[in-house]
file query19.cif (mmCIF, C-alpha atoms and all ligand atoms)
data_query
loop_
_atom_site.group_PDB
_atom_site.id
_atom_site.type_symbol
_atom_site.label_atom_id
_atom_site.label_comp_id
_atom_site.auth_asym_id
_atom_site.auth_seq_id
_atom_site.Cartn_x
_atom_site.Cartn_y
_atom_site.Cartn_z
ATOM 1 C CA MET A 1 -12.514 -10.479 4.796
ATOM 2 C CA LYS A 2 -14.802 -9.233 2.058
ATOM 3 C CA LEU A 3 -15.268 -5.472 1.868
ATOM 4 C CA GLN A 4 -19.016 -5.864 2.478
ATOM 5 C CA GLU A 5 -18.181 -7.631 5.754
ATOM 6 C CA LYS A 6 -15.643 -4.984 6.702
ATOM 7 C CA PHE A 7 -18.302 -2.307 6.250
ATOM 8 C CA VAL A 8 -20.590 -4.096 8.715
ATOM 9 C CA GLU A 9 -17.753 -4.383 11.233
ATOM 10 C CA LEU A 10 -16.805 -0.727 10.876
ATOM 11 C CA ARG A 11 -20.356 0.515 11.132
ATOM 12 C CA SER A 12 -20.932 -1.391 14.357
ATOM 13 C CA LYS A 13 -18.027 0.606 15.809
ATOM 14 C CA GLN A 14 -19.068 3.863 14.118
ATOM 15 C CA GLN A 15 -15.788 3.923 12.270
ATOM 16 C CA GLY A 16 -15.137 5.019 8.737
ATOM 17 C CA ILE A 17 -12.751 3.774 6.080
ATOM 18 C CA LEU A 18 -10.720 5.865 3.698
ATOM 19 C CA ALA A 19 -10.858 5.194 -0.033
ATOM 20 C CA THR A 20 -8.081 6.841 -1.995
ATOM 21 C CA ASN A 21 -7.442 6.961 -5.714
ATOM 22 C CA PHE A 22 -3.991 6.255 -7.079
ATOM 23 C CA TYR A 23 -2.461 7.192 -10.411
ATOM 24 C CA ASN A 24 0.972 5.612 -10.575
ATOM 25 C CA PHE A 25 3.510 3.730 -8.465
ATOM 26 C CA GLU A 26 4.416 6.795 -6.394
ATOM 27 C CA THR A 27 0.920 7.831 -5.333
ATOM 28 C CA LEU A 28 0.102 4.200 -4.503
ATOM 29 C CA GLU A 29 3.325 3.912 -2.489
ATOM 30 C CA GLY A 30 2.391 7.084 -0.575
ATOM 31 C CA VAL A 31 -1.094 5.817 0.268
ATOM 32 C CA LEU A 32 0.168 2.407 1.386
ATOM 33 C CA CYS A 33 3.022 3.772 3.510
ATOM 34 C CA ALA A 34 0.472 5.942 5.309
ATOM 35 C CA ALA A 35 -1.893 2.996 5.862
ATOM 36 C CA LYS A 36 0.978 0.812 7.048
ATOM 37 C CA SER A 37 2.390 3.336 9.494
ATOM 38 C CA THR A 38 -1.021 4.019 11.050
ATOM 39 C CA ASN A 39 -2.068 0.358 10.882
ATOM 40 C CA GLN A 40 -5.288 1.257 9.066
ATOM 41 C CA PRO A 41 -7.194 -0.585 6.328
ATOM 42 C CA ILE A 42 -7.614 1.178 3.000
ATOM 43 C CA ILE A 43 -9.639 0.995 -0.201
ATOM 44 C CA LEU A 44 -7.561 1.569 -3.346
ATOM 45 C CA GLN A 45 -9.600 3.099 -6.135
ATOM 46 C CA LEU A 46 -9.114 3.203 -9.884
ATOM 47 C CA THR A 47 -11.138 5.336 -12.252
ATOM 48 C CA GLU A 48 -11.529 4.439 -15.906
ATOM 49 C CA SER A 49 -8.964 7.082 -16.854
ATOM 50 C CA SER A 50 -6.397 5.647 -14.434
ATOM 51 C CA ILE A 51 -7.124 2.176 -15.807
ATOM 52 C CA ASN A 52 -6.573 3.483 -19.335
ATOM 53 C CA TYR A 53 -3.386 5.230 -18.230
ATOM 54 C CA MET A 54 -1.748 2.181 -16.651
ATOM 55 C CA GLY A 55 -3.583 -0.683 -18.357
ATOM 56 C CA LEU A 56 -6.076 -2.801 -16.422
ATOM 57 C CA PRO A 57 -3.848 -5.816 -15.622
ATOM 58 C CA VAL A 58 -0.932 -3.568 -14.695
ATOM 59 C CA ALA A 59 -2.971 -1.267 -12.451
ATOM 60 C CA PHE A 60 -4.639 -4.222 -10.744
ATOM 61 C CA SER A 61 -1.519 -6.284 -10.180
ATOM 62 C CA LEU A 62 0.416 -3.232 -9.014
ATOM 63 C CA ALA A 63 -2.200 -2.565 -6.343
ATOM 64 C CA LYS A 64 -2.450 -6.227 -5.406
ATOM 65 C CA SER A 65 1.272 -6.813 -5.111
ATOM 66 C CA MET A 66 1.906 -3.583 -3.235
ATOM 67 C CA LEU A 67 -0.834 -4.372 -0.701
ATOM 68 C CA ALA A 68 0.913 -7.684 -0.042
ATOM 69 C CA HIS A 69 4.356 -6.091 -0.016
ATOM 70 C CA HIS A 70 3.328 -3.538 2.604
ATOM 71 C CA GLY A 71 1.160 -5.999 4.557
ATOM 72 C CA VAL A 72 -1.809 -3.619 4.473
ATOM 73 C CA GLU A 73 -5.431 -4.791 4.719
ATOM 74 C CA GLY A 74 -7.007 -3.360 1.604
ATOM 75 C CA TRP A 75 -9.457 -3.783 -1.247
ATOM 76 C CA ILE A 76 -9.332 -2.791 -4.911
ATOM 77 C CA HIS A 77 -12.321 -0.813 -6.159
ATOM 78 C CA LEU A 78 -13.517 0.570 -9.496
ATOM 79 C CA ASP A 79 -14.472 4.213 -8.929
ATOM 80 C CA HIS A 80 -17.274 5.702 -11.076
ATOM 81 C CA GLY A 81 -17.643 2.806 -13.487
ATOM 82 C CA ASP A 82 -20.017 4.102 -16.124
ATOM 83 C CA SER A 83 -20.796 0.922 -18.039
ATOM 84 C CA TYR A 84 -21.742 -2.679 -17.392
ATOM 85 C CA GLU A 85 -18.879 -3.752 -19.673
ATOM 86 C CA LEU A 86 -16.207 -1.933 -17.670
ATOM 87 C CA VAL A 87 -17.603 -3.328 -14.434
ATOM 88 C CA ALA A 88 -17.538 -6.833 -15.922
ATOM 89 C CA GLN A 89 -13.911 -6.448 -17.022
ATOM 90 C CA CYS A 90 -12.875 -5.310 -13.542
ATOM 91 C CA LEU A 91 -14.732 -8.171 -11.842
ATOM 92 C CA ASP A 92 -13.066 -10.642 -14.197
ATOM 93 C CA MET A 93 -9.734 -9.094 -13.296
ATOM 94 C CA GLY A 94 -10.385 -9.755 -9.614
ATOM 95 C CA PHE A 95 -11.537 -6.404 -8.208
ATOM 96 C CA ASP A 96 -13.031 -6.685 -4.721
ATOM 97 C CA SER A 97 -15.526 -3.947 -5.358
ATOM 98 C CA VAL A 98 -17.051 -1.948 -8.199
ATOM 99 C CA MET A 99 -19.039 1.235 -8.511
ATOM 100 C CA ILE A 100 -21.686 1.580 -11.180
ATOM 101 C CA ASP A 101 -22.427 5.269 -11.516
ATOM 102 C CA ALA A 102 -25.683 5.848 -13.354
ATOM 103 C CA SER A 103 -26.606 8.791 -11.147
ATOM 104 C CA GLU A 104 -27.172 11.063 -14.123
ATOM 105 C CA GLN A 105 -29.717 8.690 -15.608
ATOM 106 C CA PRO A 106 -33.395 8.661 -14.610
ATOM 107 C CA PHE A 107 -34.177 6.912 -11.306
ATOM 108 C CA LYS A 108 -35.617 3.788 -12.929
ATOM 109 C CA ASP A 109 -32.695 3.427 -15.361
ATOM 110 C CA ASN A 110 -30.263 3.812 -12.471
ATOM 111 C CA ILE A 111 -32.156 1.021 -10.678
ATOM 112 C CA ALA A 112 -32.113 -1.177 -13.786
ATOM 113 C CA ILE A 113 -28.365 -1.018 -14.481
ATOM 114 C CA THR A 114 -27.428 -1.171 -10.797
ATOM 115 C CA SER A 115 -29.571 -4.314 -10.401
ATOM 116 C CA ARG A 116 -27.817 -5.944 -13.349
ATOM 117 C CA VAL A 117 -24.422 -5.137 -11.835
ATOM 118 C CA VAL A 118 -25.461 -6.454 -8.414
ATOM 119 C CA LYS A 119 -26.544 -9.719 -10.043
ATOM 120 C CA LEU A 120 -23.269 -10.017 -11.934
ATOM 121 C CA ALA A 121 -21.151 -9.164 -8.881
ATOM 122 C CA GLU A 122 -22.840 -11.894 -6.841
ATOM 123 C CA ASN A 123 -20.945 -14.453 -8.938
ATOM 124 C CA TYR A 124 -17.693 -12.894 -7.752
ATOM 125 C CA GLY A 125 -18.710 -12.140 -4.170
ATOM 126 C CA ALA A 126 -17.816 -8.534 -4.894
ATOM 127 C CA ASN A 127 -19.090 -5.368 -3.266
ATOM 128 C CA VAL A 128 -21.220 -3.006 -5.373
ATOM 129 C CA GLU A 129 -21.541 0.735 -4.897
ATOM 130 C CA ALA A 130 -24.024 2.953 -6.738
ATOM 131 C CA GLU A 131 -24.820 6.658 -6.608
ATOM 132 C CA LEU A 132 -28.104 8.433 -6.093
ATOM 133 C CA GLY A 133 -28.485 12.186 -6.397
ATOM 134 C CA TYR A 134 -26.311 14.859 -7.943
ATOM 135 C CA ILE A 135 -22.689 15.027 -6.767
ATOM 136 C CA ALA A 136 -21.061 17.510 -9.139
ATOM 137 C CA LYS A 137 -18.313 15.932 -11.226
ATOM 138 C CA LEU A 138 -15.190 17.872 -12.223
ATOM 139 C CA GLY A 139 -16.267 20.869 -14.262
ATOM 140 C CA GLN A 140 -19.932 20.581 -13.319
ATOM 141 C CA ASP A 141 -21.903 23.241 -11.490
ATOM 142 C CA LYS A 142 -21.295 22.718 -7.765
ATOM 143 C CA ASP A 143 -24.524 24.478 -6.845
ATOM 144 C CA GLY A 144 -26.603 22.076 -8.900
ATOM 145 C CA SER A 145 -29.465 20.718 -6.880
ATOM 146 C CA GLY A 146 -30.252 17.055 -6.485
ATOM 147 C CA PHE A 147 -29.573 15.978 -2.914
ATOM 148 C CA THR A 148 -30.366 12.335 -2.184
ATOM 149 C CA GLN A 149 -33.887 11.900 -0.847
ATOM 150 C CA PRO A 150 -34.241 9.423 2.060
ATOM 151 C CA GLU A 151 -37.362 7.757 0.637
ATOM 152 C CA GLU A 152 -35.722 7.318 -2.785
ATOM 153 C CA ALA A 153 -32.595 5.908 -1.153
ATOM 154 C CA LYS A 154 -34.692 3.316 0.657
ATOM 155 C CA GLN A 155 -36.550 2.372 -2.543
ATOM 156 C CA PHE A 156 -33.324 2.241 -4.532
ATOM 157 C CA VAL A 157 -31.560 -0.047 -2.079
ATOM 158 C CA GLU A 158 -34.544 -2.365 -1.790
ATOM 159 C CA ALA A 159 -34.970 -2.560 -5.557
ATOM 160 C CA THR A 160 -31.298 -3.162 -6.370
ATOM 161 C CA GLY A 161 -29.786 -4.953 -3.365
ATOM 162 C CA VAL A 162 -26.735 -2.718 -3.672
ATOM 163 C CA ASN A 163 -24.158 -2.888 -0.832
ATOM 164 C CA ALA A 164 -23.043 0.727 -0.718
ATOM 165 C CA LEU A 165 -24.587 4.004 -1.812
ATOM 166 C CA ALA A 166 -22.895 7.299 -2.624
ATOM 167 C CA VAL A 167 -25.136 10.081 -1.413
ATOM 168 C CA ALA A 168 -25.405 13.723 -2.425
ATOM 169 C CA ILE A 169 -25.473 15.796 0.768
ATOM 170 C CA GLY A 170 -23.422 18.816 -0.247
ATOM 171 C CA THR A 171 -20.035 17.561 -1.441
ATOM 172 C CA ALA A 172 -18.635 17.854 -4.977
ATOM 173 C CA HIS A 173 -15.669 16.466 -6.863
ATOM 174 C CA GLY A 174 -12.495 18.532 -7.191
ATOM 175 C CA PHE A 175 -11.669 21.479 -4.941
ATOM 176 C CA TYR A 176 -14.225 23.845 -3.459
ATOM 177 C CA ASP A 177 -14.497 27.603 -4.047
ATOM 178 C CA LYS A 178 -15.982 27.973 -0.590
ATOM 179 C CA GLU A 179 -16.115 25.611 2.355
ATOM 180 C CA PRO A 180 -18.680 22.906 1.617
ATOM 181 C CA LYS A 181 -21.613 22.725 3.997
ATOM 182 C CA LEU A 182 -22.870 19.208 4.462
ATOM 183 C CA ASP A 183 -26.557 18.668 5.103
ATOM 184 C CA LEU A 184 -26.105 16.520 8.194
ATOM 185 C CA GLY A 185 -29.810 16.485 9.014
ATOM 186 C CA LEU A 186 -30.514 14.956 5.625
ATOM 187 C CA LEU A 187 -27.696 12.456 6.142
ATOM 188 C CA SER A 188 -29.259 11.294 9.417
ATOM 189 C CA LYS A 189 -32.586 10.811 7.664
ATOM 190 C CA ILE A 190 -31.000 8.773 4.862
ATOM 191 C CA SER A 191 -29.095 6.742 7.423
ATOM 192 C CA ASN A 192 -32.295 6.009 9.343
ATOM 193 C CA ALA A 193 -34.174 5.107 6.168
ATOM 194 C CA THR A 194 -31.776 2.387 4.989
ATOM 195 C CA GLU A 195 -29.202 -0.063 6.284
ATOM 196 C CA VAL A 196 -26.968 0.352 3.220
ATOM 197 C CA THR A 197 -23.341 1.454 3.661
ATOM 198 C CA LEU A 198 -23.180 5.173 2.907
ATOM 199 C CA VAL A 199 -20.365 6.705 0.890
ATOM 200 C CA LEU A 200 -19.154 10.291 0.775
ATOM 201 C CA HIS A 201 -17.591 11.336 -2.530
ATOM 202 C CA GLY A 202 -15.689 14.586 -2.901
ATOM 203 C CA GLY A 203 -13.895 14.272 0.433
ATOM 204 C CA SER A 204 -11.007 16.479 -0.734
ATOM 205 C CA GLY A 205 -11.137 19.824 1.039
ATOM 206 C CA VAL A 206 -13.944 18.892 3.429
ATOM 207 C CA PRO A 207 -12.856 20.055 6.906
ATOM 208 C CA ALA A 208 -11.933 17.338 9.414
ATOM 209 C CA GLU A 209 -14.776 18.234 11.742
ATOM 210 C CA SER A 210 -17.353 17.883 8.942
ATOM 211 C CA LEU A 211 -15.921 14.491 7.983
ATOM 212 C CA ARG A 212 -16.151 13.366 11.599
ATOM 213 C CA GLN A 213 -19.743 14.521 11.897
ATOM 214 C CA ALA A 214 -20.573 12.728 8.644
ATOM 215 C CA ILE A 215 -19.135 9.480 10.032
ATOM 216 C CA ASP A 216 -21.057 10.000 13.277
ATOM 217 C CA ARG A 217 -24.241 10.255 11.258
ATOM 218 C CA GLY A 218 -23.719 7.169 9.154
ATOM 219 C CA ILE A 219 -21.107 7.727 6.438
ATOM 220 C CA CYS A 220 -18.756 4.729 6.346
ATOM 221 C CA LYS A 221 -16.586 5.157 3.221
ATOM 222 C CA ILE A 222 -14.897 8.466 2.515
ATOM 223 C CA ASN A 223 -13.362 9.078 -0.907
ATOM 224 C CA VAL A 224 -10.325 11.292 -1.366
ATOM 225 C CA ALA A 225 -8.719 11.777 -4.776
ATOM 226 C CA THR A 226 -8.136 15.385 -5.802
ATOM 227 C CA GLU A 227 -5.960 16.269 -2.819
ATOM 228 C CA ILE A 228 -3.603 13.388 -3.593
ATOM 229 C CA LYS A 229 -2.998 14.413 -7.209
ATOM 230 C CA ASN A 230 -2.717 18.021 -6.156
ATOM 231 C CA ILE A 231 -0.124 17.625 -3.417
ATOM 232 C CA PHE A 232 1.947 15.263 -5.530
ATOM 233 C CA MET A 233 2.131 17.603 -8.525
ATOM 234 C CA ARG A 234 2.563 20.788 -6.504
ATOM 235 C CA THR A 235 5.448 19.296 -4.573
ATOM 236 C CA LEU A 236 7.095 18.134 -7.783
ATOM 237 C CA LYS A 237 6.700 21.537 -9.396
ATOM 238 C CA THR A 238 8.230 23.313 -6.419
ATOM 239 C CA LYS A 239 11.086 20.848 -6.238
ATOM 240 C CA LEU A 240 11.860 21.059 -9.952
ATOM 241 C CA ALA A 241 11.685 24.841 -10.043
ATOM 242 C CA THR A 242 14.904 25.043 -8.044
ATOM 243 C CA ASN A 243 16.530 21.772 -8.946
ATOM 244 C CA GLU A 244 18.274 20.418 -12.050
ATOM 245 C CA GLU A 245 18.157 16.797 -10.912
ATOM 246 C CA ILE A 246 17.157 14.441 -13.715
ATOM 247 C CA ASP A 247 17.165 11.232 -11.712
ATOM 248 C CA LEU A 248 13.456 10.815 -11.104
ATOM 249 C CA ARG A 249 14.171 8.395 -8.269
ATOM 250 C CA LYS A 250 15.699 11.286 -6.351
ATOM 251 C CA VAL A 251 12.893 13.734 -7.178
ATOM 252 C CA PHE A 252 9.694 11.699 -6.842
ATOM 253 C CA PRO A 253 10.188 10.555 -3.208
ATOM 254 C CA THR A 254 9.815 14.162 -2.013
ATOM 255 C CA ALA A 255 6.343 14.218 -3.571
ATOM 256 C CA THR A 256 5.546 10.712 -2.328
ATOM 257 C CA ASP A 257 6.423 11.851 1.210
ATOM 258 C CA GLN A 258 3.841 14.607 0.976
ATOM 259 C CA VAL A 259 1.204 12.077 -0.116
ATOM 260 C CA ILE A 260 2.111 9.989 2.944
ATOM 261 C CA GLU A 261 1.603 12.957 5.267
ATOM 262 C CA LEU A 262 -1.676 13.927 3.627
ATOM 263 C CA VAL A 263 -3.126 10.408 3.773
ATOM 264 C CA LYS A 264 -1.935 9.887 7.360
ATOM 265 C CA GLY A 265 -3.922 12.986 8.308
ATOM 266 C CA LYS A 266 -7.040 11.680 6.572
ATOM 267 C CA LEU A 267 -6.644 8.275 8.198
ATOM 268 C CA GLU A 268 -6.480 9.960 11.597
ATOM 269 C CA ILE A 269 -9.822 11.579 10.871
ATOM 270 C CA VAL A 270 -11.629 8.422 9.780
ATOM 271 C CA ARG A 271 -10.212 5.998 12.352
ATOM 272 C CA ASN A 272 -12.010 5.540 15.668
ATOM 273 C CA ILE A 273 -13.452 9.007 16.033
ATOM 274 C CA LYS A 274 -14.779 8.301 19.503
ATOM 275 C CA ASP A 275 -11.224 7.749 20.762
ATOM 276 C CA GLN A 276 -10.228 11.222 19.690
ATOM 277 C CA ARG A 277 -12.784 13.036 21.746
HETATM 278 ZN ZN ZN B 1 -16.551 10.253 -6.761
#
call {"tool": "encode", "arguments": {"input": "query19.cif", "output": "structure tokens", "more": "lines below"}}
Ligand SMILES: [Zn+2]
result
Amino acid sequence: MKLQEKFVELRSKQQGILATNFYNFETLEGVLCAAKSTNQPIILQLTESSINYMGLPVAFSLAKSMLAHHGVEGWIHLDHGDSYELVAQCLDMGFDSVMIDASEQPFKDNIAITSRVVKLAENYGANVEAELGYIAKLGQDKDGSGFTQPEEAKQFVEATGVNALAVAIGTAHGFYDKEPKLDLGLLSKISNATEVTLVLHGGSGVPAESLRQAIDRGICKINVATEIKNIFMRTLKTKLATNEEIDLRKVFPTATDQVIELVKGKLEIVRNIKDQR
């Protein structure tokens, strides 16, 4: 099933889907073990820096072969693609889905590049995600204004034909200094204004209840990245502080296990929320 079709299925059941970034074999293994053990679908995301770290064919085939190995229903997605060229490379590689992030460009430029990407992706039957509004990136001011406006969202989707839209409703990338407060009223308005699949970036550190409410009000895809890197590295540091082991195959699984637990928890939140109440 194409990711675009999965979104429609999930939305009809008011379910969400988790999209997690991975950085190496171990973090990918952790994510997939969690998806497998909870029998949940998953979106595996690569940023440009992760692609540069592993190499595009390696990162892609690792994800592809591990999805098959674990028997998990999943899709491979480019997260925050910032150029047409990168998007094109990923589509050629076989990605199921790409994000073109021109959110920092003027509205009409964002429409122009997103439209070009949508046209290109049609040849591959791939899903396209764009971003509208200001979702602070790592190191950017988290209080920066620029929430997504419902009317603009509607115009943007109509003009571009994009499948999924990342909206700015109060989340930010990285960890939060204080608990993020999502503007759920605004989310409902955006959701009523357009049929597009809505995406929440900056899911790390957003309380479970807020994530559930966001799904209730129309968010379908929830991105989690920072928490995965964080728990993996913190666990490794703790382990190595008291351990002289040099066989990485004996050290890394402890950190991978923590990724599994973390992702299982997130999957619990985004699966059928109605069943949990
Ligand atoms: Zn993001």
call {"tool": "resolve_selection", "arguments": {"input": "query19.cif", "expression": "the PyMOL selection byres (((chain A and resi 267) around 12) and not hetatm)", "output": "VMD selection string"}}
result
chain A and resid 15 to 20 31 to 43 208 211 to 212 221 to 224 260 to 266 268 to 273
call {"tool": "residues_near_ligand", "arguments": {"input": "query19.cif", "ligand": "ligand ZN 1 (chain B)", "cutoff": "12 Å", "atoms": "all atoms listed in the file", "output": "number ranges by chain"}}
result
A: 19-21, 45-48, 77-82, 99-101, 103, 129-132, 134-138, 165-168, 171-174, 199-204, 221-226
call {"tool": "atom_distance", "arguments": {"input": "query19.cif", "atom1": "atom CA of Phe232 of chain A", "atom2": "atom CA of Thr27 of chain A"}}
result
7.5 Å
call {"tool": "resolve_selection", "arguments": {"input": "query19.cif", "expression": "the PyMOL selection byres (((chain A and resi 86-89) around 12) and not hetatm)", "output": "ChimeraX atom specification"}}
result
/A:46-49,51-52,55-57,60,77-85,90-101,113-114,116-124,126-130
call {"tool": "residues_near_point", "arguments": {"input": "query19.cif", "point": "(-0.3, -5.0, -4.7)", "cutoff": "10 Å", "atoms": "all atoms listed in the file", "output": "CSV table (one decimal) with C-alpha atoms, in the coordinates of the input"}}
result
chain,number,residue,atom,x,y,z
A,28,LEU,CA,0.1,4.2,-4.5
A,29,GLU,CA,3.3,3.9,-2.5
A,32,LEU,CA,0.2,2.4,1.4
A,44,LEU,CA,-7.6,1.6,-3.3
A,59,ALA,CA,-3.0,-1.3,-12.5
A,60,PHE,CA,-4.6,-4.2,-10.7
A,61,SER,CA,-1.5,-6.3,-10.2
A,62,LEU,CA,0.4,-3.2,-9.0
A,63,ALA,CA,-2.2,-2.6,-6.3
A,64,LYS,CA,-2.4,-6.2,-5.4
A,65,SER,CA,1.3,-6.8,-5.1
A,66,MET,CA,1.9,-3.6,-3.2
A,67,LEU,CA,-0.8,-4.4,-0.7
A,68,ALA,CA,0.9,-7.7,0.0
A,69,HIS,CA,4.4,-6.1,0.0
A,70,HIS,CA,3.3,-3.5,2.6
A,71,GLY,CA,1.2,-6.0,4.6
A,72,VAL,CA,-1.8,-3.6,4.5
A,74,GLY,CA,-7.0,-3.4,1.6
A,75,TRP,CA,-9.5,-3.8,-1.2
A,76,ILE,CA,-9.3,-2.8,-4.9
call {"tool": "residues_around", "arguments": {"input": "query19.cif", "residues": "segment 236-245 of chain A", "least_positions_apart": "3", "cutoff": "12 Å", "atoms": "all atoms listed in the file", "output": "number ranges by chain"}}
result
A: 26, 229-233, 248-259
call {"tool": "closest_residue", "arguments": {"input": "query19.cif", "among": "A:Ile190, A:Cys220, A:Val157, A:Val58", "to": "Arg11 of chain A", "atoms": "all atoms listed in the file"}}
result
A:Cys220
call {"tool": "atom_distance", "arguments": {"input": "query19.cif", "atom1": "atom CA of Arg217 of chain A", "atom2": "atom CA of Gln14 of chain A"}}
result
8.7 Å
call {"tool": "atom_distance", "arguments": {"input": "query19.cif", "atom1": "atom CA of Asn24 of chain A", "atom2": "atom CA of Gly205 of chain A"}}
result
22.0 Å
call {"tool": "resolve_selection", "arguments": {"input": "query19.cif", "expression": "the PyMOL selection byres (((chain A and resi 196) around 10) and not hetatm)", "output": "list in words"}}
result
Phe7, Val8, Glu129, Ala153, Lys154, Val157, Glu158, Gly161, Val162, Asn163, Ala164, Leu165, Ala166, Ile190, Ser191, Asn192, Ala193, Thr194, Glu195, Thr197, Leu198, Val199, Gly218, Ile219 and Cys220 of chain A
call {"tool": "residues_around", "arguments": {"input": "query19.cif", "residues": "Ile111 of chain A", "least_positions_apart": "4", "cutoff": "9 Å", "atoms": "all atoms listed in the file", "output": "count of residues only"}}
result
9
call {"tool": "closest_residue", "arguments": {"input": "query19.cif", "among": "A:Gly185, A:Gly146, A:Gly139, A:Pro180", "to": "Glu104 of chain A", "atoms": "all atoms listed in the file"}}
result
A:Gly146
call {"tool": "closest_residue", "arguments": {"input": "query19.cif", "among": "A:Ala112, A:Ile169, A:Gly30, A:Lys6", "to": "Gly133 of chain A", "atoms": "only C-alpha atoms"}}
result
A:Ile169
call {"tool": "decode", "arguments": {"input": "query19.cif", "residues": "segment 227-270 of chain A", "atoms": "C-alpha atoms", "output": "PDB file, in the first residue's frame"}}
result
ATOM      1  CA  GLU A 227      14.429  11.509  21.813  1.00  0.00           C
ATOM      2  CA  ILE A 228      15.838   8.549  19.887  1.00  0.00           C
ATOM      3  CA  LYS A 229      19.323  10.031  19.501  1.00  0.00           C
ATOM      4  CA  ASN A 230      19.229  11.225  23.075  1.00  0.00           C
ATOM      5  CA  ILE A 231      18.298   7.955  24.754  1.00  0.00           C
ATOM      6  CA  PHE A 232      20.748   6.006  22.625  1.00  0.00           C
ATOM      7  CA  MET A 233      23.721   8.230  23.455  1.00  0.00           C
ATOM      8  CA  ARG A 234      22.837   8.712  27.116  1.00  0.00           C
ATOM      9  CA  THR A 235      22.540   4.982  27.643  1.00  0.00           C
ATOM     10  CA  LEU A 236      25.873   4.398  25.937  1.00  0.00           C
ATOM     11  CA  LYS A 237      27.579   7.059  28.022  1.00  0.00           C
ATOM     12  CA  THR A 238      26.254   5.609  31.262  1.00  0.00           C
ATOM     13  CA  LYS A 239      27.217   2.100  30.249  1.00  0.00           C
ATOM     14  CA  LEU A 240      30.733   3.079  29.195  1.00  0.00           C
ATOM     15  CA  ALA A 241      31.366   5.163  32.293  1.00  0.00           C
ATOM     16  CA  THR A 242      31.486   2.007  34.396  1.00  0.00           C
ATOM     17  CA  ASN A 243      32.540  -0.539  31.834  1.00  0.00           C
ATOM     18  CA  GLU A 244      35.806  -1.337  30.042  1.00  0.00           C
ATOM     19  CA  GLU A 245      34.179  -3.528  27.402  1.00  0.00           C
ATOM     20  CA  ILE A 246      35.546  -2.846  23.926  1.00  0.00           C
ATOM     21  CA  ASP A 247      33.344  -5.265  22.027  1.00  0.00           C
ATOM     22  CA  LEU A 248      30.773  -2.872  20.627  1.00  0.00           C
ATOM     23  CA  ARG A 249      28.402  -5.764  19.979  1.00  0.00           C
ATOM     24  CA  LYS A 250      28.142  -6.230  23.732  1.00  0.00           C
ATOM     25  CA  VAL A 251      27.736  -2.513  24.487  1.00  0.00           C
ATOM     26  CA  PHE A 252      25.386  -1.221  21.786  1.00  0.00           C
ATOM     27  CA  PRO A 253      22.457  -3.614  22.462  1.00  0.00           C
ATOM     28  CA  THR A 254      21.893  -1.975  25.864  1.00  0.00           C
ATOM     29  CA  ALA A 255      21.318   1.331  24.070  1.00  0.00           C
ATOM     30  CA  THR A 256      19.258  -0.322  21.331  1.00  0.00           C
ATOM     31  CA  ASP A 257      17.009  -1.815  24.032  1.00  0.00           C
ATOM     32  CA  GLN A 258      16.288   1.653  25.365  1.00  0.00           C
ATOM     33  CA  VAL A 259      15.332   2.826  21.864  1.00  0.00           C
ATOM     34  CA  ILE A 260      12.935  -0.133  21.655  1.00  0.00           C
ATOM     35  CA  GLU A 261      11.258   0.840  24.926  1.00  0.00           C
ATOM     36  CA  LEU A 262      11.013   4.494  23.938  1.00  0.00           C
ATOM     37  CA  VAL A 263       9.505   3.768  20.517  1.00  0.00           C
ATOM     38  CA  LYS A 264       7.098   1.175  21.943  1.00  0.00           C
ATOM     39  CA  GLY A 265       5.781   3.893  24.253  1.00  0.00           C
ATOM     40  CA  LYS A 266       5.309   6.309  21.359  1.00  0.00           C
ATOM     41  CA  LEU A 267       3.593   3.641  19.276  1.00  0.00           C
ATOM     42  CA  GLU A 268       1.168   3.025  22.134  1.00  0.00           C
ATOM     43  CA  ILE A 269       0.247   6.694  22.042  1.00  0.00           C
ATOM     44  CA  VAL A 270      -0.370   6.914  18.301  1.00  0.00           C
TER      45      VAL A 270
END
